[in-house]
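Note: the block below is start-v5.pdb and it holds PDB, C-alpha atoms.
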ATOM      1  CA  MET A   1     -24.133  47.439  30.745
ATOM      2  CA  SER A   2     -27.605  46.296  31.700
ATOM      3  CA  THR A   3     -28.173  44.033  34.636
ATOM      4  CA  GLY A   4     -28.875  40.336  34.322
ATOM      5  CA  THR A   5     -26.486  39.493  31.475
ATOM      6  CA  ILE A   6     -23.436  37.382  30.743
ATOM      7  CA  ALA A   7     -20.646  39.962  30.801
ATOM      8  CA  PHE A   8     -17.824  37.873  29.358
ATOM      9  CA  ALA A   9     -16.505  34.319  29.098
ATOM     10  CA  THR A  10     -13.076  32.680  28.950
ATOM     11  CA  ILE A  11     -11.661  29.209  28.336
ATOM     12  CA  HIS A  12      -8.527  28.030  30.174
ATOM     13  CA  ARG A  13      -6.465  24.861  30.284
ATOM     14  CA  VAL A  14      -6.853  23.140  33.627
ATOM     15  CA  GLY A  15      -3.286  21.930  34.150
ATOM     16  CA  ASP A  16      -1.491  25.278  34.010
ATOM     17  CA  GLY A  17      -4.266  27.863  33.622
ATOM     18  CA  LEU A  18      -3.155  28.803  30.079
ATOM     19  CA  PRO A  19      -5.820  31.060  28.471
ATOM     20  CA  LEU A  20      -7.111  29.512  25.247
ATOM     21  CA  VAL A  21     -10.065  31.747  24.281
ATOM     22  CA  ALA A  22     -11.468  34.969  25.703
ATOM     23  CA  VAL A  23     -14.263  37.395  24.851
ATOM     24  CA  ASN A  24     -13.532  40.814  26.330
ATOM     25  CA  ASP A  25     -16.210  42.974  24.729
ATOM     26  CA  PHE A  26     -17.008  44.865  27.926
ATOM     27  CA  ASN A  27     -15.906  47.777  30.090
ATOM     28  CA  PRO A  28     -13.809  46.342  32.980
ATOM     29  CA  ASN A  29     -14.432  49.427  35.120
ATOM     30  CA  GLN A  30     -18.195  48.922  35.044
ATOM     31  CA  ASP A  31     -20.199  46.894  37.547
ATOM     32  CA  GLY A  32     -17.121  45.634  39.366
ATOM     33  CA  LEU A  33     -15.896  43.529  36.440
ATOM     34  CA  PHE A  34     -12.284  44.536  37.062
ATOM     35  CA  GLU A  35     -12.410  42.633  40.353
ATOM     36  CA  ALA A  36     -13.962  39.700  38.531
ATOM     37  CA  GLN A  37     -11.003  39.619  36.142
ATOM     38  CA  ARG A  38      -8.579  39.598  39.048
ATOM     39  CA  SER A  39     -10.486  36.754  40.662
ATOM     40  CA  ILE A  40     -10.330  34.715  37.445
ATOM     41  CA  LYS A  41      -6.559  35.180  37.252
ATOM     42  CA  ARG A  42      -6.231  33.735  40.752
ATOM     43  CA  LEU A  43      -8.740  30.997  40.015
ATOM     44  CA  CYS A  44      -6.936  29.769  36.893
ATOM     45  CA  LYS A  45      -3.912  28.788  38.966
ATOM     46  CA  ARG A  46      -6.055  26.466  41.095
ATOM     47  CA  LEU A  47      -8.638  24.983  38.735
ATOM     48  CA  GLU A  48      -7.515  21.449  39.578
ATOM     49  CA  ASP A  49      -8.389  22.023  43.245
ATOM     50  CA  PHE A  50     -12.121  22.442  42.676
ATOM     51  CA  PRO A  51     -15.045  20.278  41.514
ATOM     52  CA  GLU A  52     -16.305  20.349  37.946
ATOM     53  CA  ARG A  53     -19.128  22.845  38.621
ATOM     54  CA  CYS A  54     -18.542  25.816  40.906
ATOM     55  CA  THR A  55     -19.666  29.373  41.463
ATOM     56  CA  ILE A  56     -18.397  32.497  43.243
ATOM     57  CA  GLN A  57     -21.119  34.946  44.278
ATOM     58  CA  SER A  58     -20.682  38.646  45.038
ATOM     59  CA  ASP A  59     -22.979  41.648  45.270
ATOM     60  CA  SER A  60     -22.396  42.915  41.729
ATOM     61  CA  TYR A  61     -21.200  39.895  39.751
ATOM     62  CA  SER A  62     -21.046  36.093  39.789
ATOM     63  CA  ILE A  63     -18.407  33.725  38.408
ATOM     64  CA  TYR A  64     -19.386  30.269  37.155
ATOM     65  CA  TRP A  65     -17.195  27.557  35.706
ATOM     66  CA  MET A  66     -17.407  24.009  34.384
ATOM     67  CA  SER A  67     -14.274  21.877  34.053
ATOM     68  CA  THR A  68     -13.346  18.747  32.147
ATOM     69  CA  ARG A  69     -10.092  16.856  32.559
ATOM     70  CA  THR A  70      -8.268  19.357  30.305
ATOM     71  CA  VAL A  71     -10.339  22.546  29.913
ATOM     72  CA  SER A  72     -12.290  24.885  32.157
ATOM     73  CA  PHE A  73     -15.077  27.116  30.821
ATOM     74  CA  ILE A  74     -15.640  30.293  32.852
ATOM     75  CA  ALA A  75     -18.436  32.868  32.630
ATOM     76  CA  VAL A  76     -18.975  36.127  34.538
ATOM     77  CA  THR A  77     -22.527  37.412  34.886
ATOM     78  CA  ILE A  78     -23.949  40.677  36.127
ATOM     79  CA  SER A  79     -26.190  39.854  39.069
ATOM     80  CA  PRO A  80     -28.945  38.852  38.993
ATOM     81  CA  TYR A  81     -28.708  36.275  36.191
ATOM     82  CA  PRO A  82     -30.207  32.761  36.528
ATOM     83  CA  GLN A  83     -27.715  30.061  37.401
ATOM     84  CA  VAL A  84     -29.535  27.548  35.251
ATOM     85  CA  LEU A  85     -29.044  29.688  32.141
ATOM     86  CA  THR A  86     -25.385  30.300  32.922
ATOM     87  CA  PHE A  87     -24.648  26.583  33.176
ATOM     88  CA  SER A  88     -26.662  25.979  30.033
ATOM     89  CA  PHE A  89     -24.458  28.561  28.293
ATOM     90  CA  LEU A  90     -21.287  26.898  29.607
ATOM     91  CA  GLN A  91     -22.520  23.460  28.612
ATOM     92  CA  ASN A  92     -23.165  24.618  25.051
ATOM     93  CA  ILE A  93     -19.740  26.200  24.562
ATOM     94  CA  GLN A  94     -18.145  23.146  26.196
ATOM     95  CA  LYS A  95     -19.688  20.813  23.623
ATOM     96  CA  GLU A  96     -18.822  23.089  20.707
ATOM     97  CA  PHE A  97     -15.224  23.621  21.820
ATOM     98  CA  LEU A  98     -14.463  19.955  22.502
ATOM     99  CA  LEU A  99     -16.010  18.922  19.193
ATOM    100  CA  THR A 100     -13.972  21.539  17.325
ATOM    101  CA  TYR A 101     -10.650  20.835  19.063
ATOM    102  CA  GLY A 102      -9.505  17.552  20.521
ATOM    103  CA  ASP A 103      -7.809  16.925  23.857
ATOM    104  CA  LYS A 104      -4.513  16.178  22.137
ATOM    105  CA  LYS A 105      -4.412  19.557  20.387
ATOM    106  CA  ILE A 106      -5.324  21.304  23.648
ATOM    107  CA  ASN A 107      -2.635  19.478  25.633
ATOM    108  CA  PHE A 108       0.170  20.229  23.184
ATOM    109  CA  THR A 109      -0.505  23.936  22.596
ATOM    110  CA  LYS A 110       1.972  26.290  24.254
ATOM    111  CA  ARG A 111       0.814  29.683  22.959
ATOM    112  CA  PRO A 112      -1.754  31.741  24.924
ATOM    113  CA  TYR A 113      -5.047  32.298  23.106
ATOM    114  CA  ALA A 114      -4.095  29.655  20.527
ATOM    115  CA  PHE A 115      -7.794  29.024  19.759
ATOM    116  CA  ILE A 116      -8.839  32.654  19.471
ATOM    117  CA  ASP A 117     -10.821  31.751  16.326
ATOM    118  CA  PHE A 118     -13.372  30.147  18.638
ATOM    119  CA  GLY A 119     -14.065  33.626  20.036
ATOM    120  CA  ALA A 120     -16.676  34.241  17.350
ATOM    121  CA  THR A 121     -18.624  31.157  18.434
ATOM    122  CA  LEU A 122     -18.265  32.177  22.065
ATOM    123  CA  GLU A 123     -19.590  35.652  21.322
ATOM    124  CA  LYS A 124     -22.496  34.185  19.338
ATOM    125  CA  PHE A 125     -23.614  32.094  22.308
ATOM    126  CA  ARG A 126     -23.180  35.056  24.668
ATOM    127  CA  HIS A 127     -25.432  37.293  22.570
ATOM    128  CA  LYS A 128     -27.925  34.443  22.260
ATOM    129  CA  TYR A 129     -28.202  34.054  26.028
ATOM    130  CA  ASN A 130     -28.304  37.827  26.563
ATOM    131  CA  ASN A 131     -31.222  38.234  24.163
ATOM    132  CA  THR A 132     -34.167  38.716  26.520
ATOM    133  CA  ARG A 133     -36.670  38.542  23.653
ATOM    134  CA  SER A 134     -35.644  35.002  22.733
ATOM    135  CA  LEU A 135     -37.850  32.766  24.840
ATOM    136  CA  ALA A 136     -36.388  29.652  23.269
ATOM    137  CA  THR A 137     -32.982  30.578  24.639
ATOM    138  CA  ARG A 138     -34.361  31.078  28.140
ATOM    139  CA  ILE A 139     -35.972  27.646  28.328
ATOM    140  CA  GLU A 140     -33.328  25.631  26.455
ATOM    141  CA  ASN A 141     -32.170  22.741  28.655
ATOM    142  CA  LEU A 142     -34.015  24.387  31.545
ATOM    143  CA  SER A 143     -35.689  21.251  32.833
ATOM    144  CA  HIS A 144     -32.435  19.287  32.808
ATOM    145  CA  LEU A 145     -30.326  21.928  34.546
ATOM    146  CA  SER A 146     -33.004  22.937  37.019
ATOM    147  CA  GLN A 147     -32.682  19.502  38.538
ATOM    148  CA  ASP A 148     -29.061  20.311  39.391
ATOM    149  CA  LEU A 149     -29.982  23.433  41.313
ATOM    150  CA  LYS A 150     -33.186  22.361  43.082
ATOM    151  CA  VAL A 151     -31.962  19.135  44.679
ATOM    152  CA  SER A 152     -31.108  20.673  48.019
ATOM    153  CA  GLY A 153     -32.963  18.665  50.683
ATOM    154  CA  HIS A 154     -30.789  16.075  52.386
ATOM    155  CA  ILE A 155     -33.305  13.230  52.232
ATOM    156  CA  ILE A 156     -34.269  13.897  48.620
ATOM    157  CA  ARG A 157     -30.641  14.248  47.532
ATOM    158  CA  GLN A 158     -29.586  11.002  49.211
ATOM    159  CA  SER A 159     -32.522   9.126  47.672
ATOM    160  CA  ILE A 160     -31.756  10.362  44.175
ATOM    161  CA  TYR A 161     -28.037   9.633  44.556
ATOM    162  CA  MET A 162     -28.772   6.062  45.671
ATOM    163  CA  ILE A 163     -31.069   5.463  42.700
ATOM    164  CA  VAL A 164     -28.588   6.936  40.238
ATOM    165  CA  LEU A 165     -25.621   5.056  41.649
ATOM    166  CA  HIS A 166     -27.518   1.769  41.252
ATOM    167  CA  THR A 167     -28.562   2.526  37.668
ATOM    168  CA  ASP A 168     -25.769   4.596  36.094
ATOM    169  CA  PRO A 169     -22.893   5.849  38.304
ATOM    170  CA  ARG A 170     -21.748   8.284  35.619
ATOM    171  CA  ARG A 171     -24.850  10.415  36.155
ATOM    172  CA  TYR A 172     -23.723  11.124  39.714
ATOM    173  CA  LEU A 173     -21.774  14.073  38.351
ATOM    174  CA  GLN A 174     -24.812  15.419  36.480
ATOM    175  CA  ILE A 175     -27.317  15.824  39.329
ATOM    176  CA  ARG A 176     -25.275  17.667  41.944
ATOM    177  CA  PRO A 177     -25.715  21.391  42.647
ATOM    178  CA  PRO A 178     -22.728  23.678  41.969
ATOM    179  CA  PHE A 179     -20.183  24.001  44.739
ATOM    180  CA  GLN A 180     -20.077  27.438  46.365
ATOM    181  CA  VAL A 181     -16.553  28.922  46.427
ATOM    182  CA  SER A 182     -15.486  32.073  48.253
ATOM    183  CA  GLU A 183     -12.794  34.574  47.302
ATOM    184  CA  VAL A 184     -10.620  33.230  50.107
ATOM    185  CA  ASP A 185     -10.707  29.744  48.592
ATOM    186  CA  ILE A 186      -9.033  30.845  45.359
ATOM    187  CA  GLN A 187      -6.001  32.416  47.004
ATOM    188  CA  PRO A 188      -2.851  30.688  45.643
ATOM    189  CA  THR A 189      -1.642  29.530  49.061
ATOM    190  CA  ALA A 190      -5.026  28.676  50.593
ATOM    191  CA  ARG A 191      -5.660  25.005  51.356
ATOM    192  CA  HIS A 192      -8.971  24.270  53.021
ATOM    193  CA  TYR A 193     -10.201  20.972  54.315
ATOM    194  CA  GLY A 194     -13.706  21.703  53.103
ATOM    195  CA  ILE A 195     -12.608  21.838  49.463
ATOM    196  CA  SER A 196     -10.732  18.560  49.692
ATOM    197  CA  GLU A 197     -13.737  16.932  51.361
ATOM    198  CA  ILE A 198     -16.094  18.088  48.624
ATOM    199  CA  ARG A 199     -13.706  16.891  45.925
ATOM    200  CA  ASN A 200     -13.554  13.458  47.511
ATOM    201  CA  THR A 201     -17.336  13.180  47.837
ATOM    202  CA  ILE A 202     -18.218  14.169  44.273
ATOM    203  CA  ARG A 203     -15.455  12.163  42.621
ATOM    204  CA  PRO A 204     -16.310   8.622  43.682
ATOM    205  CA  THR A 205     -14.419   7.069  40.778
ATOM    206  CA  VAL A 206     -11.014   8.662  41.417
ATOM    207  CA  ASN A 207      -8.187   6.309  40.536
ATOM    208  CA  PRO A 208      -4.898   6.944  42.372
ATOM    209  CA  ASN A 209      -2.896   5.430  39.494
ATOM    210  CA  ARG A 210      -1.459   7.969  37.104
ATOM    211  CA  ARG A 211      -2.276   7.239  33.480
ATOM    212  CA  LEU A 212      -0.534   8.190  30.264
ATOM    213  CA  ILE A 213      -2.294   9.901  27.375
ATOM    214  CA  PRO A 214      -4.098   7.627  24.866
ATOM    215  CA  VAL A 215      -1.937   5.677  22.423
ATOM    216  CA  SER A 216      -1.417   7.311  19.018
ATOM    217  CA  TRP A 217      -0.454   5.654  15.740
ATOM    218  CA  LEU A 218       3.203   6.514  16.352
ATOM    219  CA  ASP A 219       3.029   4.779  19.722
ATOM    220  CA  SER A 220       1.490   1.729  18.045
ATOM    221  CA  LEU A 221       4.304   1.744  15.488
ATOM    222  CA  ALA A 222       6.882   1.769  18.290
ATOM    223  CA  VAL A 223       5.149  -1.201  19.941
ATOM    224  CA  LEU A 224       5.190  -3.099  16.639
ATOM    225  CA  LEU A 225       8.917  -2.447  16.186
ATOM    226  CA  CYS A 226       9.600  -3.648  19.727
ATOM    227  CA  VAL A 227       7.683  -6.871  19.104
ATOM    228  CA  VAL A 228       9.540  -7.507  15.839
ATOM    229  CA  CYS A 229      12.936  -6.876  17.440
ATOM    230  CA  ALA A 230      12.084  -9.073  20.440
ATOM    231  CA  VAL A 231      11.020 -11.983  18.199
ATOM    232  CA  ILE A 232      14.126 -11.621  15.996
ATOM    233  CA  ASN A 233      16.483 -11.609  18.985
ATOM    234  CA  LEU A 234      14.744 -14.593  20.581
ATOM    235  CA  ALA A 235      14.946 -16.597  17.341
ATOM    236  CA  ARG A 236      18.600 -15.676  16.806
ATOM    237  CA  GLY A 237      19.480 -16.585  20.377
ATOM    238  CA  MET A 238      17.922 -20.041  20.111
ATOM    239  CA  SER A 239      19.563 -20.554  16.726
ATOM    240  CA  VAL A 240      23.021 -19.642  18.029
ATOM    241  CA  ILE A 241      22.708 -22.006  20.997
ATOM    242  CA  ASN A 242      21.456 -24.912  18.856
ATOM    243  CA  ASP A 243      24.088 -24.394  16.147
ATOM    244  CA  GLY A 244      26.915 -23.468  18.516
ATOM    245  CA  HIS A 245      29.299 -25.980  16.990
ATOM    246  CA  LEU A 246      29.158 -24.046  13.706
ATOM    247  CA  VAL A 247      30.140 -20.711  15.263
ATOM    248  CA  THR A 248      33.759 -19.840  14.437
ATOM    249  CA  HIS A 249      34.083 -16.792  16.690
ATOM    250  CA  LYS A 250      36.091 -16.796  19.907
ATOM    251  CA  ALA A 251      33.121 -16.054  22.205
ATOM    252  CA  SER A 252      31.058 -18.947  23.475
ATOM    253  CA  PRO A 253      27.830 -19.612  21.565
ATOM    254  CA  TYR A 254      26.026 -19.658  24.897
ATOM    255  CA  THR A 255      27.275 -16.128  25.584
ATOM    256  CA  TYR A 256      25.957 -14.936  22.240
ATOM    257  CA  GLY A 257      22.691 -16.791  22.818
ATOM    258  CA  ALA A 258      22.230 -15.253  26.276
ATOM    259  CA  THR A 259      22.946 -11.795  24.838
ATOM    260  CA  PHE A 260      20.290 -12.226  22.145
ATOM    261  CA  MET A 261      17.701 -13.463  24.625
ATOM    262  CA  THR A 262      18.496 -10.668  27.086
ATOM    263  CA  SER A 263      17.943  -8.185  24.270
ATOM    264  CA  SER A 264      14.568  -9.792  23.591
ATOM    265  CA  ILE A 265      13.543  -9.262  27.230
ATOM    266  CA  LEU A 266      14.738  -5.636  27.105
ATOM    267  CA  TRP A 267      12.574  -4.980  24.045
ATOM    268  CA  LEU A 268       9.539  -6.300  25.943
ATOM    269  CA  LEU A 269      10.442  -3.986  28.819
ATOM    270  CA  GLN A 270      10.319  -1.055  26.389
ATOM    271  CA  ILE A 271       6.751  -2.051  25.478
ATOM    272  CA  TYR A 272       5.824  -1.910  29.160
ATOM    273  CA  SER A 273       7.305   1.600  29.417
ATOM    274  CA  ILE A 274       5.194   2.760  26.475
ATOM    275  CA  PHE A 275       1.915   1.763  28.111
ATOM    276  CA  TYR A 276       2.495   2.258  31.839
ATOM    277  CA  TYR A 277       3.822   5.026  34.049
ATOM    278  CA  THR A 278       6.336   4.327  36.824
ATOM    279  CA  LYS A 279       8.392   6.589  39.053
ATOM    280  CA  TRP A 280      11.648   5.504  37.436
ATOM    281  CA  ARG A 281      10.279   5.414  33.892
ATOM    282  CA  ARG A 282      12.751   7.829  32.279
ATOM    283  CA  ARG A 283      15.817   6.316  33.927
ATOM    284  CA  LEU A 284      14.617   2.809  33.142
ATOM    285  CA  THR A 285      14.166   3.774  29.493
ATOM    286  CA  PHE A 286      17.699   5.188  29.204
ATOM    287  CA  VAL A 287      19.250   2.151  30.889
ATOM    288  CA  THR A 288      17.255  -0.292  28.767
ATOM    289  CA  SER A 289      18.138   1.520  25.538
ATOM    290  CA  ALA A 290      21.810   1.609  26.493
ATOM    291  CA  TRP A 291      21.827  -2.140  27.176
ATOM    292  CA  ILE A 292      20.079  -2.836  23.871
ATOM    293  CA  ILE A 293      22.641  -0.811  21.941
ATOM    294  CA  MET A 294      25.591  -2.426  23.780
ATOM    295  CA  SER A 295      24.167  -5.869  23.110
ATOM    296  CA  LEU A 296      23.724  -4.913  19.480
ATOM    297  CA  PHE A 297      27.378  -4.002  19.072
ATOM    298  CA  TYR A 298      28.526  -7.019  21.100
ATOM    299  CA  THR A 299      26.801  -9.332  18.622
ATOM    300  CA  HIS A 300      27.712  -7.303  15.521
ATOM    301  CA  GLN A 301      29.725 -10.204  14.084
ATOM    302  CA  LEU A 302      26.503 -12.217  13.781
ATOM    303  CA  ARG A 303      24.536  -9.409  12.133
ATOM    304  CA  ASN A 304      24.759  -7.672   8.802
ATOM    305  CA  LEU A 305      24.628  -3.906   8.217
ATOM    306  CA  TYR A 306      20.870  -3.844   7.531
ATOM    307  CA  GLN A 307      20.079  -5.696  10.755
ATOM    308  CA  MET A 308      22.308  -3.364  12.763
ATOM    309  CA  SER A 309      20.667  -0.275  11.229
ATOM    310  CA  PHE A 310      17.130  -1.603  11.785
ATOM    311  CA  HIS A 311      17.707  -2.406  15.471
ATOM    312  CA  LEU A 312      19.529   0.860  16.148
ATOM    313  CA  CYS A 313      16.838   3.017  14.521
ATOM    314  CA  SER A 314      14.112   1.062  16.315
ATOM    315  CA  ALA A 315      15.849   1.590  19.676
ATOM    316  CA  CYS A 316      16.199   5.349  19.127
ATOM    317  CA  PHE A 317      12.620   5.744  17.884
ATOM    318  CA  THR A 318      11.167   3.738  20.780
ATOM    319  CA  THR A 319      13.155   5.758  23.315
ATOM    320  CA  TYR A 320      11.860   9.005  21.784
ATOM    321  CA  ILE A 321       8.242   7.767  21.930
ATOM    322  CA  ILE A 322       8.548   6.762  25.593
ATOM    323  CA  LEU A 323      10.089  10.082  26.628
ATOM    324  CA  THR A 324       7.458  12.170  24.806
ATOM    325  CA  ARG A 325       4.394  10.352  26.167
ATOM    326  CA  THR A 326       2.930  12.535  28.920
ATOM    327  CA  LEU A 327       0.496  11.931  31.758
ATOM    328  CA  GLN A 328      -3.208  12.648  31.645
ATOM    329  CA  GLN A 329      -3.927  15.804  33.646
ATOM    330  CA  LYS A 330      -7.282  14.634  35.023
ATOM    331  CA  LEU A 331      -9.625  11.707  34.805
ATOM    332  CA  PRO A 332     -12.073  11.590  31.877
ATOM    333  CA  ASP A 333     -15.199  13.712  32.246
ATOM    334  CA  TYR A 334     -18.271  11.572  31.555
ATOM    335  CA  ASN A 335     -20.461  14.649  30.913
ATOM    336  CA  VAL A 336     -18.780  15.382  27.587
TER     337      VAL A 336
END

For this file, produce the structure as structure tokens.
Amino acid sequence: MSTGTIAFATIHRVGDGLPLVAVNDFNPNQDGLFEAQRSIKRLCKRLEDFPERCTIQSDSYSIYWMSTRTVSFIAVTISPYPQVLTFSFLQNIQKEFLLTYGDKKINFTKRPYAFIDFGATLEKFRHKYNNTRSLATRIENLSHLSQDLKVSGHIIRQSIYMIVLHTDPRRYLQIRPPFQVSEVDIQPTARHYGISEIRNTIRPTVNPNRRLIPVSWLDSLAVLLCVVCAVINLARGMSVINDGHLVTHKASPYTYGATFMTSSILWLLQIYSIFYYTKWRRRLTFVTSAWIIMSLFYTHQLRNLYQMSFHLCSACFTTYIILTRTLQQKLPDYNV
């Protein structure tokens, strides 16, 4: 293989390192690419520990990667190959991949190489950037990405950062140079203070609160059912208390009324569990659902069969929605 080319590229999920797409049209025994493959396998287990743009340099090859909150795009080049072109290549496949597949589909896939169909697009971009006769490819996005790699002086960098932070803080992630990573840094058990410090300095908007994935239409349906059940129970509770003298059952009307109103509060608590993450979220959901169902059967004499079925199905469906909503793996990437 000739020097100065993109040897191969892969796409991995950030949370667990699951390979999604790979282009392996190369000889691994040539130009030290076998060692590059081994380095990528170690790197994929620790993608969350590094900034969004990084590089590993060696004598015969270089590894570059760009990460979003869910996906990391990795390229291996035969040295020498311009960094600016490599990141331009990664930026192009990043846009194409995220437009073709959404975050939700990426998060829920469990099979390795589930998006292997994207390999043709990946190979097309690789050949495009390896075509030395195509001048348009060599200068595409060059001015924009050169700014990332040439801002090295301390005074200049601080001045630009201050201007950007006062105008548009999201562009802070677009003007930094790539972070240099060594082979030691990607060892599974290695924890270095320098990496943590860099992560803290280039992620000024990190939020310590853990967030759930965006609400889907099924989640919205569960919220609607909770609201309906809460309003029904509140209305029934007030009605039972006001018309207590008409109740012929042995239990006190105030007991029935308190049970209805407690159920209304429990339904509102289920809405909170749908939107927000807490440490005891799963246990709280089970306890709340159990209390709702017990209250339902306690007041069965004041309900008909259709009301019982509606509340029971709503409770089971809401519990399922809460238990299947997962956490976001990383904060949103404003470059996408």

- [ ] Run the PyMOL selection byres ((chain A and resi 316-323) around 12) mentally over the shown coordinates, then write out the matched residues as a PyMOL selection string, using the chain letters and numbers from the document.
- [x] chain A and resi 212-213+215-227+229+266-278+280-290+292-293+309-315+324-327

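Each of A:Ala120, A:Val228, A:Ala235, A:Ile265 was checked against A:Ala22 using all atoms listed in the file; the smallest atom-to-atom distance is that of A:Ala120.
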
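Closest to A:Asp103 among A:Arg211, A:Arg236, A:Arg13, A:Arg53 is A:Arg13, based on all atoms listed in the file.
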
Open item on the list: If the PyMOL selection byres ((chain A and resi 79-88) around 6) were run on this exact file, what residues would it hold? Put them as JSON, numbers by chain.
Closed with: {"A": [4, 60, 61, 78, 89, 90, 91, 145]}

Could you tell me which residues the PyMOL selection byres ((chain A and resi 299) around 10) returns for this structure, as a short mmCIF file (atom, residue, chain, number, x, y, z; two decimals) with C-alpha atoms, keeping the file's coordinate frame?
data_model
loop_
_atom_site.label_atom_id
_atom_site.label_comp_id
_atom_site.auth_asym_id
_atom_site.auth_seq_id
_atom_site.Cartn_x
_atom_site.Cartn_y
_atom_site.Cartn_z
CA ALA A 251 33.12 -16.05 22.20
CA THR A 255 27.28 -16.13 25.58
CA TYR A 256 25.96 -14.94 22.24
CA GLY A 257 22.69 -16.79 22.82
CA THR A 259 22.95 -11.80 24.84
CA PHE A 260 20.29 -12.23 22.14
CA MET A 294 25.59 -2.43 23.78
CA SER A 295 24.17 -5.87 23.11
CA LEU A 296 23.72 -4.91 19.48
CA PHE A 297 27.38 -4.00 19.07
CA TYR A 298 28.53 -7.02 21.10
CA HIS A 300 27.71 -7.30 15.52
CA GLN A 301 29.72 -10.20 14.08
CA LEU A 302 26.50 -12.22 13.78
CA ARG A 303 24.54 -9.41 12.13
CA MET A 308 22.31 -3.36 12.76
#

Stretch 266-283 of chain A rebuilt with N, CA and C atoms, output as a CSV table (one decimal), keeping the file's coordinate frame:
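Below is the file that was written, out_20.csv:
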chain,number,residue,atom,x,y,z
A,266,LEU,N,14.7,-7.1,27.0
A,266,LEU,CA,14.7,-5.6,27.1
A,266,LEU,C,13.8,-5.0,26.2
A,267,TRP,N,13.6,-5.5,25.0
A,267,TRP,CA,12.6,-5.0,24.0
A,267,TRP,C,11.2,-5.1,24.6
A,268,LEU,N,10.8,-6.2,25.3
A,268,LEU,CA,9.5,-6.3,25.9
A,268,LEU,C,9.4,-5.3,27.1
A,269,LEU,N,10.5,-5.0,27.8
A,269,LEU,CA,10.4,-4.0,28.8
A,269,LEU,C,10.2,-2.6,28.3
A,270,GLN,N,10.6,-2.3,27.0
A,270,GLN,CA,10.3,-1.1,26.4
A,270,GLN,C,8.8,-1.0,26.1
A,271,ILE,N,8.2,-2.1,25.7
A,271,ILE,CA,6.8,-2.1,25.5
A,271,ILE,C,6.0,-1.7,26.8
A,272,TYR,N,6.5,-2.2,27.9
A,272,TYR,CA,5.8,-1.9,29.2
A,272,TYR,C,5.9,-0.4,29.5
A,273,SER,N,7.1,0.2,29.2
A,273,SER,CA,7.3,1.6,29.4
A,273,SER,C,6.4,2.5,28.5
A,274,ILE,N,6.1,2.0,27.4
A,274,ILE,CA,5.2,2.8,26.5
A,274,ILE,C,3.8,2.9,27.0
A,275,PHE,N,3.3,1.8,27.7
A,275,PHE,CA,1.9,1.8,28.1
A,275,PHE,C,1.7,2.2,29.6
A,276,TYR,N,2.7,2.0,30.4
A,276,TYR,CA,2.5,2.3,31.8
A,276,TYR,C,3.5,3.3,32.4
A,277,TYR,N,3.0,4.0,33.4
A,277,TYR,CA,3.8,5.0,34.0
A,277,TYR,C,4.4,4.5,35.4
A,278,THR,N,5.7,4.7,35.6
A,278,THR,CA,6.3,4.3,36.8
A,278,THR,C,7.2,5.5,37.3
A,279,LYS,N,7.6,5.5,38.5
A,279,LYS,CA,8.4,6.6,39.1
A,279,LYS,C,9.7,6.7,38.4
A,280,TRP,N,10.3,5.5,38.0
A,280,TRP,CA,11.6,5.5,37.4
A,280,TRP,C,11.6,5.3,35.9
A,281,ARG,N,10.5,5.7,35.3
A,281,ARG,CA,10.3,5.4,33.9
A,281,ARG,C,11.4,6.0,33.0
A,282,ARG,N,11.7,7.2,33.1
A,282,ARG,CA,12.8,7.8,32.3
A,282,ARG,C,14.1,7.2,32.4
A,283,ARG,N,14.5,7.0,33.7
A,283,ARG,CA,15.8,6.3,33.9
A,283,ARG,C,15.8,4.9,33.4
